[in-house]
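Trainee: Quick one: this structure, given as structure tokens, is what I'll be asking you about.
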Amino acid sequence: MGRSLWERVLDLLFPPKCTFCHELLAESELEDRICAQCLAELQPQQIQLSGEFLDGGYSLFSYGGKVRQSIHRFKFNGRKEYAPVYARLLSTEIRQAEWIEKIDVVTYVPTNRRNVRKRGYNHAALLAKYVAFNLRLDMIPMLEKIRETQGMYGLKPHERRANIMGAIKISCDTEQITGKNVLLVDDIFTTGATAGECACVLRMAGAAKVFVLTVAKTEKSY
Ligand SMILES: [Zn+2]
């Protein structure tokens with residue numbers, strides 16, 4: 001898909017930078033929004049994810065270096081244009097998973113409302129929207145945070161579980177969940193406490209299976 005005239009004008013006014021290293025892109029790299037060096041360096045992988053209530057899942061990258069900086073800009077510096085770039089990489093990789101055929105619907109891990117208000121967008125919802133579009137599936141917001149949780153950074157695994165437990169509830173009609181195999185999308189997978197809680201709530205609402213897909217996975221749990 002080529003870029004429109006308007007996109008080309010915007011590119012001249014605000015020269016696009018690489019999603020990962022934030023360097024200016026060459027003409028041939030504009031379409032993918034990733035520079036040749038990062039493309040060679042950051043080979044997307046299929047890092048297996050597992051956890052309680054999850055039927056499987058993948059992350060593309062280990063969380064660190066350029067990937068960490070990129071996700072940080074995506075979440076905290078307004079770089080919502082990264083969502084389709086990540087989603088394209090995720091969709092390409094997930095098409096090779098044997099369980100992809102089973103997915104019926106896409107949703108995302110909910111974020112504290114305060115953060116969404118502050119950022120002006122919900123990063124996980126954007127990511128899920130583009131992944132669903134690429135997979136030709138519906139994206140349905142299914143979950144919401146009913147209490148604000150503290151940041152997970154620095155918490156031990158059992159503290160993460162306690163922090164998230166009971167903080168998420170269903171926000172859609174359960175008919176949209178019953179019997180469905182749901183793909184849960186998020187930016188980062190750490191211990192799986194949050195994804196597991198989402199999966200638990202979805203299953204209680206009747207979901208048949210829950211898979212998870214994230215851009216990155218942290219090596220350490222805290
Ligand atoms: Zn780069």
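Letters A, B, ... mark the chains of the structure tokens in the order given; residue numbers begin at 1 per chain; ligand numbers begin at 1, in order shown.
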Sorted by chain and rising residue number, list the residues of chain A at most 10 Å from ligand 1 (counting only C-alpha atoms and all ligand atoms), each with its closest atom pair and distance in Å to one decimal, as a tab-separated table.
Mentor:
residue	atom	partner	partner_atom_place_in_ligand_line	distance
A:Lys17	CA	ligand 1	1 (Zn)	7.8
A:Cys18	CA	ligand 1	1 (Zn)	4.6
A:Thr19	CA	ligand 1	1 (Zn)	6.5
A:Phe20	CA	ligand 1	1 (Zn)	5.0
A:Cys21	CA	ligand 1	1 (Zn)	4.0
A:His22	CA	ligand 1	1 (Zn)	6.1
A:Glu23	CA	ligand 1	1 (Zn)	6.0
A:Leu24	CA	ligand 1	1 (Zn)	8.2
A:Leu25	CA	ligand 1	1 (Zn)	7.8
A:Glu29	CA	ligand 1	1 (Zn)	9.6
A:Arg33	CA	ligand 1	1 (Zn)	8.5
A:Ile34	CA	ligand 1	1 (Zn)	5.5
A:Cys35	CA	ligand 1	1 (Zn)	4.2
A:Ala36	CA	ligand 1	1 (Zn)	6.8
A:Gln37	CA	ligand 1	1 (Zn)	5.8
A:Cys38	CA	ligand 1	1 (Zn)	4.3
A:Leu39	CA	ligand 1	1 (Zn)	7.2
A:Ala40	CA	ligand 1	1 (Zn)	9.4
A:Glu41	CA	ligand 1	1 (Zn)	8.9
A:Leu42	CA	ligand 1	1 (Zn)	9.2
A:Lys66	CA	ligand 1	1 (Zn)	8.3
A:Ser70	CA	ligand 1	1 (Zn)	9.9
Trainee: Report as an MDAnalysis selection string: the residues of chain A with a DSSP assignment of strand (DSSP E or B), based on the backbone of this structure.
Mentor: chainID A and resid 17 24 47:48 56:62 105:108 138:139 143:145 168:170 181:189 209:217
Trainee: Can you write just those residues out, N, CA and C atoms, as a short mmCIF file (atom, residue, chain, number, x, y, z; two decimals), in the first residue's frame?
Mentor:
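And here's result-v3.cif as it stands now:
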data_model
loop_
_atom_site.label_atom_id
_atom_site.label_comp_id
_atom_site.auth_asym_id
_atom_site.auth_seq_id
_atom_site.Cartn_x
_atom_site.Cartn_y
_atom_site.Cartn_z
N LYS A 17 11.15 9.27 11.58
CA LYS A 17 12.30 8.61 12.20
C LYS A 17 11.98 7.13 12.42
N LEU A 24 16.72 9.40 11.52
CA LEU A 24 15.97 9.74 10.29
C LEU A 24 15.99 8.56 9.33
N ILE A 47 8.79 -15.48 21.02
CA ILE A 47 9.11 -15.83 22.40
C ILE A 47 7.82 -16.35 23.04
N GLN A 48 7.83 -17.62 23.38
CA GLN A 48 6.62 -18.27 23.91
C GLN A 48 6.21 -17.65 25.25
N GLY A 56 -1.73 -19.91 25.49
CA GLY A 56 -0.52 -19.76 24.68
C GLY A 56 -0.33 -18.31 24.31
N GLY A 57 0.79 -18.03 23.67
CA GLY A 57 1.03 -16.66 23.24
C GLY A 57 2.47 -16.42 22.86
N TYR A 58 2.69 -15.24 22.32
CA TYR A 58 4.01 -14.85 21.85
C TYR A 58 4.33 -13.41 22.24
N SER A 59 5.63 -13.16 22.42
CA SER A 59 6.17 -11.80 22.34
C SER A 59 7.13 -11.77 21.16
N LEU A 60 7.34 -10.60 20.60
CA LEU A 60 8.23 -10.47 19.45
C LEU A 60 9.69 -10.25 19.85
N PHE A 61 9.87 -9.45 20.90
CA PHE A 61 11.21 -9.01 21.26
C PHE A 61 11.46 -9.18 22.75
N SER A 62 12.75 -9.28 23.10
CA SER A 62 13.11 -9.15 24.51
C SER A 62 13.07 -7.66 24.83
N VAL A 105 -11.72 -13.38 18.04
CA VAL A 105 -11.89 -11.95 18.32
C VAL A 105 -10.65 -11.43 19.07
N VAL A 106 -10.39 -10.13 18.89
CA VAL A 106 -9.20 -9.52 19.51
C VAL A 106 -9.65 -8.51 20.57
N THR A 107 -8.95 -8.48 21.69
CA THR A 107 -9.18 -7.44 22.69
C THR A 107 -7.83 -7.02 23.28
N TYR A 108 -7.86 -6.22 24.32
CA TYR A 108 -6.59 -5.70 24.86
C TYR A 108 -6.63 -5.63 26.38
N ASP A 138 -12.59 -8.87 14.37
CA ASP A 138 -13.13 -7.73 15.11
C ASP A 138 -12.28 -7.47 16.35
N MET A 139 -12.17 -6.19 16.70
CA MET A 139 -11.56 -5.83 17.98
C MET A 139 -12.68 -5.32 18.86
N LEU A 143 -12.65 -5.49 28.47
CA LEU A 143 -12.23 -5.39 29.87
C LEU A 143 -12.00 -3.95 30.28
N GLU A 144 -12.22 -3.70 31.57
CA GLU A 144 -11.86 -2.38 32.10
C GLU A 144 -11.30 -2.53 33.50
N LYS A 145 -10.50 -1.55 33.86
CA LYS A 145 -9.95 -1.49 35.22
C LYS A 145 -11.02 -0.88 36.11
N ILE A 168 -9.93 -5.95 37.53
CA ILE A 168 -10.40 -5.93 36.14
C ILE A 168 -11.78 -6.57 36.05
N LYS A 169 -12.65 -5.94 35.28
CA LYS A 169 -13.96 -6.57 35.06
C LYS A 169 -14.37 -6.47 33.59
N ILE A 170 -15.39 -7.25 33.25
CA ILE A 170 -15.90 -7.27 31.89
C ILE A 170 -16.65 -5.96 31.60
N ASN A 181 -12.75 -17.79 21.26
CA ASN A 181 -11.31 -17.82 21.52
C ASN A 181 -10.78 -16.40 21.35
N VAL A 182 -10.28 -15.87 22.43
CA VAL A 182 -9.94 -14.44 22.48
C VAL A 182 -8.42 -14.24 22.39
N LEU A 183 -8.02 -13.27 21.60
CA LEU A 183 -6.60 -12.87 21.55
C LEU A 183 -6.45 -11.56 22.32
N LEU A 184 -5.64 -11.61 23.36
CA LEU A 184 -5.43 -10.48 24.25
C LEU A 184 -4.12 -9.80 23.85
N VAL A 185 -4.19 -8.49 23.55
CA VAL A 185 -3.00 -7.77 23.06
C VAL A 185 -2.51 -6.77 24.11
N ASP A 186 -1.20 -6.66 24.24
CA ASP A 186 -0.63 -5.67 25.15
C ASP A 186 0.77 -5.31 24.65
N ASP A 187 1.38 -4.31 25.26
CA ASP A 187 2.73 -3.91 24.82
C ASP A 187 3.81 -4.81 25.43
N ILE A 188 3.72 -5.06 26.74
CA ILE A 188 4.78 -5.81 27.43
C ILE A 188 4.19 -6.94 28.27
N PHE A 189 4.87 -8.06 28.28
CA PHE A 189 4.52 -9.19 29.13
C PHE A 189 5.64 -9.34 30.15
N LYS A 209 -11.05 -20.06 24.98
CA LYS A 209 -9.60 -20.02 25.12
C LYS A 209 -9.13 -18.57 25.11
N VAL A 210 -7.99 -18.34 25.75
CA VAL A 210 -7.41 -17.00 25.74
C VAL A 210 -5.92 -17.10 25.36
N PHE A 211 -5.55 -16.39 24.31
CA PHE A 211 -4.16 -16.32 23.87
C PHE A 211 -3.67 -14.89 24.08
N VAL A 212 -2.36 -14.73 24.18
CA VAL A 212 -1.83 -13.38 24.43
C VAL A 212 -0.72 -13.05 23.43
N LEU A 213 -0.67 -11.79 23.05
CA LEU A 213 0.31 -11.33 22.06
C LEU A 213 0.85 -9.99 22.55
N THR A 214 2.17 -9.89 22.72
CA THR A 214 2.74 -8.61 23.14
C THR A 214 3.96 -8.27 22.30
N VAL A 215 4.30 -6.99 22.29
CA VAL A 215 5.47 -6.55 21.52
C VAL A 215 6.74 -7.09 22.17
N ALA A 216 6.81 -7.02 23.49
CA ALA A 216 8.04 -7.43 24.16
C ALA A 216 7.77 -8.22 25.44
N LYS A 217 8.80 -8.96 25.82
CA LYS A 217 8.75 -9.70 27.07
C LYS A 217 9.97 -9.33 27.90
#
Trainee: List every residue of range 2-208 of chain A that DSSP, applied to the backbone, labels as alpha helix (DSSP H), and write the result as a VMD selection string.
Mentor: chain A and resid 5 to 13 36 to 41 65 to 76 82 to 94 113 to 119 123 to 135 157 to 164 193 to 204
Trainee: Between A:Leu49, A:Cys198, A:Lys129, A:Tyr153, which residue has the minimum interatomic distance to Ala87 in chain A, considering only C-alpha atoms?
Mentor: A:Lys129
